[in-house]
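S.K.: See input-v2.cif below, with mmCIF, C-alpha atoms.
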```cif
data_entry
#
loop_
_atom_site.label_atom_id
_atom_site.label_comp_id
_atom_site.auth_asym_id
_atom_site.auth_seq_id
_atom_site.Cartn_x
_atom_site.Cartn_y
_atom_site.Cartn_z
CA MET Z 1 -45.97 -21.74 60.81
CA SER Z 2 -42.46 -22.96 60.11
CA GLU Z 3 -39.61 -21.39 62.00
CA ARG Z 4 -37.43 -18.91 60.18
CA GLN Z 5 -34.29 -20.54 58.86
CA PRO Z 6 -31.00 -18.95 59.99
CA PRO Z 7 -28.90 -17.47 57.19
CA LYS Z 8 -26.39 -19.80 55.64
CA LYS Z 9 -22.77 -19.21 56.56
CA ARG Z 10 -20.32 -18.52 53.79
CA ASN Z 11 -17.95 -21.37 53.08
CA TRP Z 12 -14.46 -19.92 52.86
CA SER Z 13 -12.88 -23.34 52.29
CA TRP Z 14 -10.82 -24.02 49.17
CA ARG Z 15 -13.17 -26.94 48.54
CA SER Z 16 -15.99 -24.46 47.90
CA GLN Z 17 -16.53 -23.83 44.18
CA ALA Z 18 -17.88 -20.32 44.87
CA PHE Z 19 -14.80 -19.43 46.93
CA ARG Z 20 -12.41 -20.73 44.26
CA GLY Z 21 -14.30 -18.79 41.60
CA LEU Z 22 -13.95 -15.60 43.63
CA ILE Z 23 -10.20 -16.13 44.03
CA TYR Z 24 -9.75 -16.84 40.31
CA GLN Z 25 -11.65 -13.66 39.40
CA ALA Z 26 -9.53 -11.58 41.79
CA ILE Z 27 -6.34 -13.04 40.29
CA ALA Z 28 -7.58 -12.34 36.74
CA ILE Z 29 -8.44 -8.72 37.60
CA ALA Z 30 -5.03 -8.25 39.24
CA LEU Z 31 -3.22 -9.67 36.18
CA ILE Z 32 -5.19 -7.44 33.80
CA GLY Z 33 -4.48 -4.40 35.97
CA LEU Z 34 -0.78 -5.29 36.07
CA PHE Z 35 -0.69 -5.67 32.28
CA VAL Z 36 -2.39 -2.30 31.74
CA TRP Z 37 0.02 -0.64 34.19
CA PHE Z 38 2.99 -2.21 32.36
CA LEU Z 39 1.77 -0.92 28.99
CA ALA Z 40 1.15 2.60 30.35
CA HIS Z 41 4.52 2.72 32.16
CA ASN Z 42 6.44 1.35 29.19
CA THR Z 43 4.76 3.80 26.81
CA SER Z 44 5.43 6.84 29.02
CA THR Z 45 9.06 5.78 29.53
CA ASN Z 46 9.71 5.38 25.80
CA MET Z 47 8.04 8.70 25.05
CA ARG Z 48 10.11 10.45 27.70
CA VAL Z 49 13.36 8.94 26.38
CA ARG Z 50 12.53 10.15 22.86
CA GLY Z 51 11.55 13.61 24.07
CA ILE Z 52 7.90 13.23 23.09
CA GLN Z 53 5.51 15.31 25.15
CA SER Z 54 2.56 13.61 26.80
CA GLY Z 55 -0.48 14.59 28.80
CA PHE Z 56 -3.90 16.10 28.18
CA ASP Z 57 -2.89 19.70 28.86
CA PHE Z 58 -3.11 20.44 25.11
CA LEU Z 59 -6.92 20.28 25.37
CA THR Z 60 -6.98 23.79 26.84
CA GLN Z 61 -4.77 25.28 24.11
CA PRO Z 62 -6.23 27.07 21.04
CA ALA Z 63 -7.01 24.58 18.29
CA GLY Z 64 -5.83 26.78 15.44
CA PHE Z 65 -8.12 25.22 12.82
CA ASP Z 66 -11.71 25.69 11.72
CA ILE Z 67 -14.46 23.10 11.44
CA GLY Z 68 -16.46 23.61 8.27
CA GLU Z 69 -19.62 21.86 9.46
CA GLY Z 70 -21.29 21.32 12.80
CA LEU Z 71 -24.30 21.84 14.99
CA TYR Z 72 -22.75 25.05 16.29
CA ASN Z 73 -20.09 27.45 15.06
CA PHE Z 74 -16.50 26.70 16.02
CA ASP Z 75 -13.73 29.28 15.91
CA SER Z 76 -10.04 28.43 15.54
CA ALA Z 77 -9.26 30.39 18.71
CA GLU Z 78 -11.31 27.99 20.82
CA PRO Z 79 -9.53 25.17 22.70
CA TYR Z 80 -9.08 21.61 21.50
CA TRP Z 81 -11.69 20.22 23.85
CA HIS Z 82 -14.30 22.40 22.12
CA ALA Z 83 -13.15 20.93 18.81
CA PHE Z 84 -13.56 17.39 20.14
CA LEU Z 85 -17.06 18.28 21.34
CA ALA Z 86 -17.92 19.59 17.87
CA GLY Z 87 -16.60 16.37 16.33
CA LEU Z 88 -18.58 14.31 18.84
CA ALA Z 89 -21.75 16.26 17.97
CA ASN Z 90 -21.18 15.53 14.27
CA THR Z 91 -20.66 11.83 15.02
CA LEU Z 92 -23.82 11.62 17.12
CA ARG Z 93 -25.81 13.52 14.49
CA VAL Z 94 -24.94 10.95 11.83
CA ALA Z 95 -25.36 7.99 14.19
CA ILE Z 96 -28.74 8.95 15.66
CA ILE Z 97 -30.34 9.97 12.34
CA GLY Z 98 -28.84 6.92 10.65
CA ILE Z 99 -30.19 4.55 13.32
CA ILE Z 100 -33.70 5.98 12.96
CA LEU Z 101 -33.68 5.84 9.15
CA CYS Z 102 -32.12 2.39 8.86
CA THR Z 103 -34.71 1.04 11.30
CA PHE Z 104 -37.64 2.27 9.19
CA ILE Z 105 -36.06 1.16 5.90
CA GLY Z 106 -34.87 -2.18 7.28
CA VAL Z 107 -38.25 -3.06 8.80
CA ALA Z 108 -40.02 -2.13 5.56
CA ILE Z 109 -37.62 -4.23 3.47
CA GLY Z 110 -37.73 -7.14 5.93
CA VAL Z 111 -41.53 -7.20 5.96
CA GLY Z 112 -41.55 -6.78 2.18
CA ARG Z 113 -39.68 -10.08 1.88
CA PHE Z 114 -42.96 -11.75 2.92
CA SER Z 115 -45.16 -9.82 0.48
CA ARG Z 116 -47.54 -11.80 -1.74
CA ASN Z 117 -46.47 -9.59 -4.64
CA ALA Z 118 -43.56 -11.25 -6.45
CA LEU Z 119 -42.22 -7.90 -7.70
CA VAL Z 120 -42.07 -6.45 -4.18
CA ARG Z 121 -40.37 -9.59 -2.85
CA GLY Z 122 -37.87 -9.50 -5.68
CA LEU Z 123 -37.00 -5.84 -5.23
CA CYS Z 124 -36.51 -6.32 -1.49
CA THR Z 125 -34.26 -9.33 -2.10
CA VAL Z 126 -32.18 -7.43 -4.68
CA TYR Z 127 -31.79 -4.52 -2.26
CA VAL Z 128 -30.49 -6.76 0.50
CA GLU Z 129 -28.14 -8.81 -1.65
CA PHE Z 130 -26.76 -5.77 -3.47
CA PHE Z 131 -26.05 -3.34 -0.65
CA ARG Z 132 -24.90 -5.74 2.05
CA ASN Z 133 -22.27 -7.32 -0.23
CA ILE Z 134 -20.53 -4.07 -1.16
CA PRO Z 135 -18.00 -2.77 1.43
CA ILE Z 136 -19.27 0.23 3.33
CA LEU Z 137 -16.22 2.34 2.47
CA LEU Z 138 -16.87 1.89 -1.25
CA GLN Z 139 -20.49 2.90 -0.74
CA LEU Z 140 -19.45 6.06 1.09
CA LEU Z 141 -17.08 6.95 -1.73
CA MET Z 142 -19.77 6.14 -4.31
CA TRP Z 143 -22.34 8.46 -2.72
CA TYR Z 144 -19.75 11.21 -2.27
CA LEU Z 145 -18.67 11.04 -5.90
CA LEU Z 146 -22.30 11.06 -7.08
CA LEU Z 147 -23.10 14.13 -4.98
CA THR Z 148 -19.99 16.05 -5.99
CA GLU Z 149 -19.87 15.09 -9.69
CA ILE Z 150 -23.46 14.83 -10.92
CA LEU Z 151 -24.97 17.87 -9.20
CA PRO Z 152 -24.35 21.33 -10.77
CA ALA Z 153 -21.79 23.85 -9.57
CA PRO Z 154 -22.58 26.02 -6.50
CA TYR Z 155 -22.90 29.20 -8.61
CA GLU Z 156 -25.61 27.66 -10.82
CA PRO Z 157 -27.56 25.30 -8.54
CA LEU Z 158 -30.61 23.24 -9.38
CA VAL Z 159 -33.67 24.95 -7.90
CA VAL Z 160 -36.47 22.75 -6.54
CA GLY Z 161 -39.10 24.97 -4.97
CA SER Z 162 -37.31 26.84 -2.19
CA MET Z 163 -34.39 24.39 -2.12
CA PHE Z 164 -31.07 24.62 -3.96
CA LEU Z 165 -29.13 21.49 -5.00
CA SER Z 166 -25.50 21.75 -6.00
CA LYS Z 167 -22.06 20.29 -5.42
CA ALA Z 168 -22.03 22.25 -2.15
CA GLY Z 169 -24.98 20.20 -0.84
CA ILE Z 170 -28.61 21.04 -0.18
CA ASN Z 171 -29.76 24.48 0.96
CA PHE Z 172 -33.29 24.83 2.34
CA PRO Z 173 -35.42 27.31 4.32
CA ILE Z 174 -35.25 27.17 8.11
CA PRO Z 175 -37.51 28.87 10.69
CA ILE Z 176 -36.34 32.08 12.30
CA TRP Z 177 -36.34 31.30 16.01
CA ALA Z 178 -39.09 32.93 18.04
CA SER Z 179 -40.81 32.32 21.36
CA GLY Z 180 -43.60 30.54 19.50
CA HIS Z 181 -41.21 27.74 18.58
CA ALA Z 182 -40.55 27.11 22.29
CA TRP Z 183 -44.30 26.75 22.79
CA ALA Z 184 -44.42 24.35 19.84
CA ALA Z 185 -41.65 22.26 21.44
CA ILE Z 186 -43.60 22.15 24.71
CA GLY Z 187 -46.68 21.07 22.76
CA LEU Z 188 -44.71 18.29 21.08
CA VAL Z 189 -43.50 17.00 24.45
CA PHE Z 190 -47.07 17.07 25.77
CA GLY Z 191 -48.24 15.28 22.61
CA CYS Z 192 -45.59 12.60 23.09
CA VAL Z 193 -46.83 12.01 26.63
CA LEU Z 194 -50.43 11.74 25.39
CA GLY Z 195 -49.37 9.41 22.58
CA TRP Z 196 -47.52 7.14 25.05
CA TRP Z 197 -50.55 7.08 27.36
CA TYR Z 198 -52.87 6.29 24.46
CA ARG Z 199 -50.72 3.40 23.22
CA ARG Z 200 -50.53 1.94 26.70
CA ARG Z 201 -54.30 2.27 27.16
CA ALA Z 202 -55.00 0.83 23.68
CA ARG Z 203 -52.77 -2.17 24.36
CA HIS Z 204 -54.55 -2.79 27.68
CA LEU Z 205 -57.99 -2.61 26.03
CA PHE Z 206 -56.84 -4.92 23.24
CA GLU Z 207 -55.76 -7.53 25.79
CA GLU Z 208 -59.14 -7.24 27.54
CA THR Z 209 -61.50 -7.08 24.56
CA GLY Z 210 -59.45 -8.35 21.61
CA LYS Z 211 -60.51 -5.31 19.56
CA PRO Z 212 -57.50 -3.70 17.86
CA ARG Z 213 -57.08 0.07 18.00
CA SER Z 214 -54.85 2.44 16.12
CA MET Z 215 -51.33 2.04 17.53
CA PHE Z 216 -49.58 4.34 15.05
CA TRP Z 217 -51.81 6.92 13.39
CA MET Z 218 -53.67 8.01 16.53
CA PRO Z 219 -50.48 8.50 18.62
CA LEU Z 220 -48.94 10.31 15.65
CA ALA Z 221 -51.99 12.57 15.44
CA LEU Z 222 -51.71 13.33 19.17
CA VAL Z 223 -48.03 14.27 18.84
CA ALA Z 224 -48.66 16.44 15.75
CA GLY Z 225 -51.73 17.99 17.35
CA GLY Z 226 -49.79 18.89 20.48
CA GLY Z 227 -47.14 20.61 18.39
CA VAL Z 228 -49.72 22.53 16.35
CA ILE Z 229 -51.59 23.66 19.48
CA GLY Z 230 -48.33 24.85 21.05
CA TRP Z 231 -47.39 26.63 17.83
CA LEU Z 232 -50.75 28.39 17.74
CA ALA Z 233 -50.49 29.29 21.44
CA GLY Z 234 -47.11 30.89 20.75
CA GLY Z 235 -48.52 33.17 18.08
CA ALA Z 236 -48.07 30.85 15.07
CA PRO Z 237 -44.69 32.23 13.87
CA THR Z 238 -44.17 31.63 10.15
CA ALA Z 239 -41.03 33.65 9.39
CA LEU Z 240 -38.44 31.62 7.48
CA ASN Z 241 -34.83 32.23 6.56
CA TYR Z 242 -34.79 31.44 2.84
CA PRO Z 243 -31.60 30.58 0.99
CA ARG Z 244 -30.69 32.87 -1.89
CA GLN Z 245 -28.31 32.70 -4.78
CA GLY Z 246 -25.10 34.59 -4.12
CA GLU Z 247 -22.34 35.54 -6.50
CA PHE Z 248 -20.34 32.35 -6.00
CA ALA Z 249 -22.57 30.11 -3.88
CA VAL Z 250 -25.95 29.84 -2.19
CA GLU Z 251 -26.16 31.92 0.98
CA GLN Z 252 -28.28 31.91 4.14
CA GLY Z 253 -30.92 29.29 4.99
CA GLY Z 254 -30.04 25.84 6.26
CA ALA Z 255 -27.51 23.60 4.55
CA LEU Z 256 -26.47 19.96 4.46
CA SER Z 257 -23.01 19.36 3.05
CA PRO Z 258 -22.30 16.58 0.52
CA GLU Z 259 -19.99 14.97 3.08
CA PHE Z 260 -22.79 14.67 5.63
CA LEU Z 261 -25.27 13.43 3.02
CA ALA Z 262 -22.81 10.85 1.69
CA VAL Z 263 -22.06 9.50 5.17
CA LEU Z 264 -25.73 9.41 6.13
CA LEU Z 265 -26.86 7.74 2.90
CA GLY Z 266 -24.04 5.22 2.92
CA LEU Z 267 -24.43 4.16 6.55
CA THR Z 268 -28.24 4.10 6.40
CA ILE Z 269 -28.60 2.10 3.19
CA TYR Z 270 -25.81 -0.34 4.10
CA THR Z 271 -27.05 -1.02 7.63
CA ALA Z 272 -30.70 -1.20 6.53
CA ALA Z 273 -29.85 -4.28 4.43
CA PHE Z 274 -28.64 -6.10 7.55
CA VAL Z 275 -31.58 -4.85 9.60
CA ALA Z 276 -33.91 -6.25 6.94
CA GLU Z 277 -32.33 -9.69 7.30
CA VAL Z 278 -32.64 -9.47 11.08
CA VAL Z 279 -36.33 -8.63 10.76
CA ARG Z 280 -36.89 -11.41 8.22
CA ALA Z 281 -35.22 -13.98 10.46
CA GLY Z 282 -37.23 -12.80 13.47
CA ILE Z 283 -40.53 -13.11 11.62
CA GLN Z 284 -39.60 -16.55 10.33
CA SER Z 285 -38.87 -17.68 13.90
CA VAL Z 286 -42.55 -17.20 14.83
CA PRO Z 287 -44.50 -20.47 14.35
CA SER Z 288 -46.59 -20.38 11.18
CA GLY Z 289 -49.60 -21.46 13.22
CA GLN Z 290 -49.69 -17.99 14.77
CA GLY Z 291 -50.29 -16.39 11.39
CA GLU Z 292 -52.86 -19.02 10.46
CA ALA Z 293 -54.73 -18.41 13.71
CA ALA Z 294 -54.70 -14.65 13.08
CA SER Z 295 -56.15 -15.18 9.60
CA ALA Z 296 -58.77 -17.52 11.04
CA ILE Z 297 -60.14 -14.83 13.35
CA GLY Z 298 -60.42 -12.34 10.48
CA LEU Z 299 -57.25 -10.23 10.82
CA SER Z 300 -55.93 -8.78 7.59
CA GLN Z 301 -52.38 -9.44 6.44
CA GLY Z 302 -51.27 -6.03 7.75
CA GLN Z 303 -52.94 -6.56 11.13
CA ASN Z 304 -51.47 -10.06 11.30
CA MET Z 305 -47.96 -8.71 10.76
CA ARG Z 306 -48.38 -5.70 13.06
CA LEU Z 307 -50.31 -7.28 15.93
CA VAL Z 308 -49.24 -10.93 15.91
CA MET Z 309 -45.99 -11.65 14.08
CA LEU Z 310 -43.81 -8.61 14.81
CA PRO Z 311 -44.55 -8.44 18.58
CA GLN Z 312 -43.54 -12.09 18.95
CA ALA Z 313 -40.53 -11.67 16.69
CA LEU Z 314 -39.11 -8.80 18.77
CA ARG Z 315 -37.47 -11.17 21.26
CA VAL Z 316 -35.42 -12.55 18.35
CA ILE Z 317 -34.96 -9.26 16.51
CA ILE Z 318 -33.72 -6.92 19.26
CA PRO Z 319 -30.37 -8.58 20.23
CA PRO Z 320 -28.93 -8.70 16.67
CA LEU Z 321 -30.55 -5.34 15.92
CA THR Z 322 -28.47 -3.90 18.77
CA ASN Z 323 -25.34 -5.16 17.03
CA GLN Z 324 -26.35 -3.37 13.83
CA TYR Z 325 -26.86 -0.11 15.73
CA LEU Z 326 -23.40 -0.50 17.25
CA ASN Z 327 -21.91 -1.26 13.83
CA LEU Z 328 -23.49 1.85 12.34
CA THR Z 329 -22.11 4.04 15.12
CA LYS Z 330 -18.62 2.61 14.81
CA ASN Z 331 -18.68 2.62 11.00
CA SER Z 332 -19.27 6.38 11.16
CA SER Z 333 -15.52 6.64 11.83
CA LEU Z 334 -15.01 5.89 8.11
CA ALA Z 335 -16.40 9.37 7.42
CA VAL Z 336 -12.83 10.64 7.68
CA ALA Z 337 -12.25 9.13 4.22
CA ILE Z 338 -14.52 11.71 2.58
CA GLY Z 339 -13.66 14.68 4.78
CA TYR Z 340 -16.62 14.75 7.15
CA PRO Z 341 -15.43 16.40 10.42
CA ASP Z 342 -16.37 13.70 12.91
CA VAL Z 343 -14.48 12.96 16.11
CA VAL Z 344 -11.90 10.80 14.27
CA SER Z 345 -11.16 13.59 11.80
CA ILE Z 346 -10.72 16.09 14.65
CA ALA Z 347 -8.41 13.64 16.42
CA ASN Z 348 -6.27 13.22 13.29
CA THR Z 349 -5.90 16.97 12.95
CA ALA Z 350 -5.01 17.31 16.63
CA ILE Z 351 -2.39 14.56 16.32
CA ASN Z 352 -0.76 16.30 13.35
CA GLN Z 353 -0.61 19.61 15.22
CA THR Z 354 0.32 18.49 18.75
CA GLY Z 355 1.90 15.06 18.36
CA ARG Z 356 -0.25 13.71 21.22
CA ALA Z 357 -1.17 10.51 19.38
CA VAL Z 358 -1.76 8.34 22.45
CA GLU Z 359 -3.97 10.93 24.12
CA CYS Z 360 -6.06 11.65 21.00
CA ILE Z 361 -6.55 7.95 20.26
CA ALA Z 362 -7.55 7.41 23.89
CA ILE Z 363 -10.20 10.14 23.55
CA VAL Z 364 -11.58 8.54 20.38
CA MET Z 365 -11.66 5.12 22.07
CA LEU Z 366 -13.47 6.61 25.06
CA VAL Z 367 -16.05 8.27 22.79
CA TYR Z 368 -16.91 5.07 20.92
CA LEU Z 369 -16.83 2.98 24.10
CA THR Z 370 -19.26 5.36 25.80
CA THR Z 371 -21.65 5.57 22.85
CA SER Z 372 -21.60 1.79 22.39
CA LEU Z 373 -22.30 1.11 26.07
CA ALA Z 374 -25.10 3.68 26.11
CA THR Z 375 -26.68 2.07 23.03
CA SER Z 376 -26.37 -1.39 24.56
CA LEU Z 377 -27.94 -0.29 27.84
CA LEU Z 378 -30.87 1.35 26.07
CA MET Z 379 -31.49 -1.65 23.81
CA ASN Z 380 -31.14 -4.12 26.72
CA TRP Z 381 -33.76 -2.14 28.60
CA TYR Z 382 -36.07 -2.25 25.60
CA ASN Z 383 -35.37 -5.96 25.14
CA ALA Z 384 -36.37 -6.68 28.75
CA ARG Z 385 -39.49 -4.56 28.34
CA SER Z 386 -40.50 -6.31 25.12
CA ALA Z 387 -39.87 -9.83 26.36
CA ILE Z 388 -42.83 -12.19 26.33
CA LYS Z 389 -43.94 -12.66 29.95
CA GLU Z 390 -45.41 -15.97 31.01
CA ARG Z 391 -48.67 -15.85 32.93
#
```
Written as structure tokens, how would this file's structure read?
M.R.:
Amino acid sequence: MSERQPPKKRNWSWRSQAFRGLIYQAIAIALIGLFVWFLAHNTSTNMRVRGIQSGFDFLTQPAGFDIGEGLYNFDSAEPYWHAFLAGLANTLRVAIIGIILCTFIGVAIGVGRFSRNALVRGLCTVYVEFFRNIPILLQLLMWYLLLTEILPAPYEPLVVGSMFLSKAGINFPIPIWASGHAWAAIGLVFGCVLGWWYRRRARHLFEETGKPRSMFWMPLALVAGGGVIGWLAGGAPTALNYPRQGEFAVEQGGALSPEFLAVLLGLTIYTAAFVAEVVRAGIQSVPSGQGEAASAIGLSQGQNMRLVMLPQALRVIIPPLTNQYLNLTKNSSLAVAIGYPDVVSIANTAINQTGRAVECIAIVMLVYLTTSLATSLLMNWYNARSAIKER
């Protein structure tokens, strides 16, 4: 056995490239810190000379304004920090739902670009070229005008089953909360765990035997079955809060405002066009011999795309797909143009009432920085997990 080598001593000489790199990084960090300190000091000095108040103490003061839409009710007597939380919740609601929808639409359009049907290929191409070449702000305004001009007035809505469509948005029935819904949620979580275990087991068996198994419908059935079993175990509650026509507008039930629908539709459709191009480029990066080999062993076109092409294309798709998710989240700030109460809209109102422009802008910057970093971390984890591992 060879003797254990003693650890190498660090070379602290200026001739060492590693040592010089460390010094240069320390100097760069010090210069950046000095520049940030200079900006903060200069800003606070100028504000003090002009008699402008500064600080974040306003966050505990009553906001004095209402928020017309949100995941929870907000009262004008509540403090500003509650208002920022409500705006953040509205931003995340649009971003998360938009990311999910644009992924499904973008993947479908991207895969459709390779369809053998010329009509399907043409429609997918037209979708991409049309929506990605129109500025997102114009699309948001277009959807908002369509929803507020074409639909009927709130006092005479269009009735579709139990739903009401009008210029005020969409009103629909919602469940009346009961303990059975908690059991249904527990069942869904248990179904998700079973679905994850099944997919992992099916992938392992496919690698061993080469026999493909259901990777979508069976996990989906497990998740839905878990929810149904939990719902039945909780007494199968079926009570719903139905919307009804009031004197001037539709009352009760759930509602989605035209502002929310316009933002969601605009961001989803616009970003899905870019996601489709990312998916198309990723599939084209896979050698054509892979598809030919899959056809040679009897896989259908759908199995070839699902089991051979897309898994190999993920290593090319995920990095630019992350950029599209970040763009969608940051583009949600344009919702202020159509009156959707996101975090930017709340910040603008707070600036007008308190004059704390620097503080409010800093809060908005922190919100988008945090959401972007969280999205990047999650997608980087998924990218590492999906990477092709050499044997």
S.K.: When you look at Ala83 of chain Z with a cut-off of 12 Å (counting all atoms listed in the file), what residues show up, excluding the ones that are within fewer than 3 positions of it in the same chain? I need them as JSON, numbers by chain.
M.R.: {"Z": [58, 59, 60, 61, 62, 63, 64, 65, 66, 67, 68, 69, 70, 71, 72, 73, 74, 75, 76, 77, 78, 79, 80, 86, 87, 88, 89, 90, 341, 342, 343, 344, 345, 346, 347, 348, 349, 350, 360]}
S.K.: Find the spatial neighbours of Gly161 of chain Z, counting all atoms listed in the file, within a cut-off of 12 Å - ignore same-chain residues fewer than 3 positions away - and output them as a compact mmCIF listing (two decimals) with C-alpha atoms, in the coordinates of the input.
M.R.:
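Written out: selection39.txt:
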```txt
# COMPACT_ATOMS: atom_id res chain seq x y z
CA LEU Z 158 -30.61 23.24 -9.38
CA PHE Z 164 -31.07 24.62 -3.96
CA LEU Z 165 -29.13 21.49 -5.00
CA ASN Z 171 -29.76 24.48 0.96
CA PHE Z 172 -33.29 24.83 2.34
CA PRO Z 173 -35.42 27.31 4.32
CA TYR Z 242 -34.79 31.44 2.84
CA PRO Z 243 -31.60 30.58 0.99
CA ARG Z 244 -30.69 32.87 -1.89
```
S.K.: Can you list, as a list in words, the residues that the PyMOL selection byres ((chain Z and resi 370-382) around 9) selects here?
M.R.: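 After applying the PyMOL selection byres ((chain Z and resi 370-382) around 9), what remains is Leu92, Ile318, Pro319, Leu321, Thr322, Asn323, Tyr325, Leu326, Thr329, Lys330, Met365, Leu366, Val367, Tyr368, Leu369, Asn383, Ala384, Arg385, Ser386 and Ala387 of chain Z.
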S.K.: With C-alpha atoms retained, write the just-selected residues as a JSON list (two decimals), in the frame of the given file.
M.R.:
```json
[["chain", "number", "residue", "atom", "x", "y", "z"],
["Z", 92, "LEU", "CA", -23.82, 11.62, 17.12],
["Z", 318, "ILE", "CA", -33.72, -6.92, 19.26],
["Z", 319, "PRO", "CA", -30.37, -8.58, 20.23],
["Z", 321, "LEU", "CA", -30.55, -5.34, 15.92],
["Z", 322, "THR", "CA", -28.47, -3.90, 18.77],
["Z", 323, "ASN", "CA", -25.34, -5.16, 17.03],
["Z", 325, "TYR", "CA", -26.86, -0.11, 15.73],
["Z", 326, "LEU", "CA", -23.40, -0.50, 17.25],
["Z", 329, "THR", "CA", -22.11, 4.04, 15.12],
["Z", 330, "LYS", "CA", -18.62, 2.61, 14.81],
["Z", 365, "MET", "CA", -11.66, 5.12, 22.07],
["Z", 366, "LEU", "CA", -13.47, 6.61, 25.06],
["Z", 367, "VAL", "CA", -16.05, 8.27, 22.79],
["Z", 368, "TYR", "CA", -16.91, 5.07, 20.92],
["Z", 369, "LEU", "CA", -16.83, 2.98, 24.10],
["Z", 383, "ASN", "CA", -35.37, -5.96, 25.14],
["Z", 384, "ALA", "CA", -36.37, -6.68, 28.75],
["Z", 385, "ARG", "CA", -39.49, -4.56, 28.34],
["Z", 386, "SER", "CA", -40.50, -6.31, 25.12],
["Z", 387, "ALA", "CA", -39.87, -9.83, 26.36]]
```
S.K.: If you count only C-alpha atoms, which residues fall within 9 Å of segment 338-340 of chain Z, apart from same-chain ones fewer than 3 positions away, as JSON, numbers by chain?
M.R.: {"Z": [68, 69, 90, 140, 141, 144, 257, 258, 259, 260, 262, 263, 334, 335, 345]}
S.K.: So that all listed atoms of segment 82-85 of chain Z fit with 8 Å spare on each side, what axis-aligned box centre and edge lengths in Å, to one decimal, would you give as JSON?
M.R.:
```
{"center_x": -15.1, "center_y": 19.9, "center_z": 20.5, "size_x": 19.9, "size_y": 21.0, "size_z": 19.3}
```
S.K.: Which residue gives the smallest distance to Met305 of chain Z among Z:Ala224, Z:Ile150, Z:Leu267, Z:Val107, with only C-alpha atoms counted?
M.R.: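 Between Z:Ala224, Z:Ile150, Z:Leu267, Z:Val107, the residue approaching Met305 of chain Z most closely is Z:Val107.
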S.K.: Of the candidates Z:Gly227, Z:Gly298, Z:Gly266, Z:Gly289, which one gets nearest to Trp143 of chain Z if we count all atoms listed in the file?
M.R.: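 Closest candidate: Z:Gly266.
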S.K.: In Å, with one decimal, what is the gap from atom CA of Ile170 of chain Z to atom CA of Leu256 of chain Z?
M.R.: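 Taking atom CA of Ile170 of chain Z and atom CA of Leu256 of chain Z, their separation equals 5.2 Å.
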S.K.: Evaluated on this file, the PyMOL selection byres ((chain Z and resi 234) around 10) picks out some residues - which ones are they, written as a VMD selection string?
M.R.: chain Z and resid 178 to 184 228 to 233 235 to 237
S.K.: Report the residues retrieved by the PyMOL selection byres ((chain Z and resi 271) around 9) from the displayed file, expressed as JSON, numbers by chain.
M.R.: {"Z": [98, 99, 102, 103, 106, 131, 132, 136, 266, 267, 268, 269, 270, 272, 273, 274, 275, 276, 324, 325, 327, 328]}
S.K.: In Å, with one decimal, what is the gap from atom CA of Gln303 of chain Z to atom CA of Val279 of chain Z?
M.R.: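 The value is 16.7 Å.
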S.K.: Out of Z:Ile100, Z:Ile109, Z:Val120, Z:Leu307, which residue has the shortest atom-to-atom distance to Arg203 of chain Z when counting only C-alpha atoms?
M.R.: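 Smallest separation from Arg203 of chain Z among the options: Z:Leu307.
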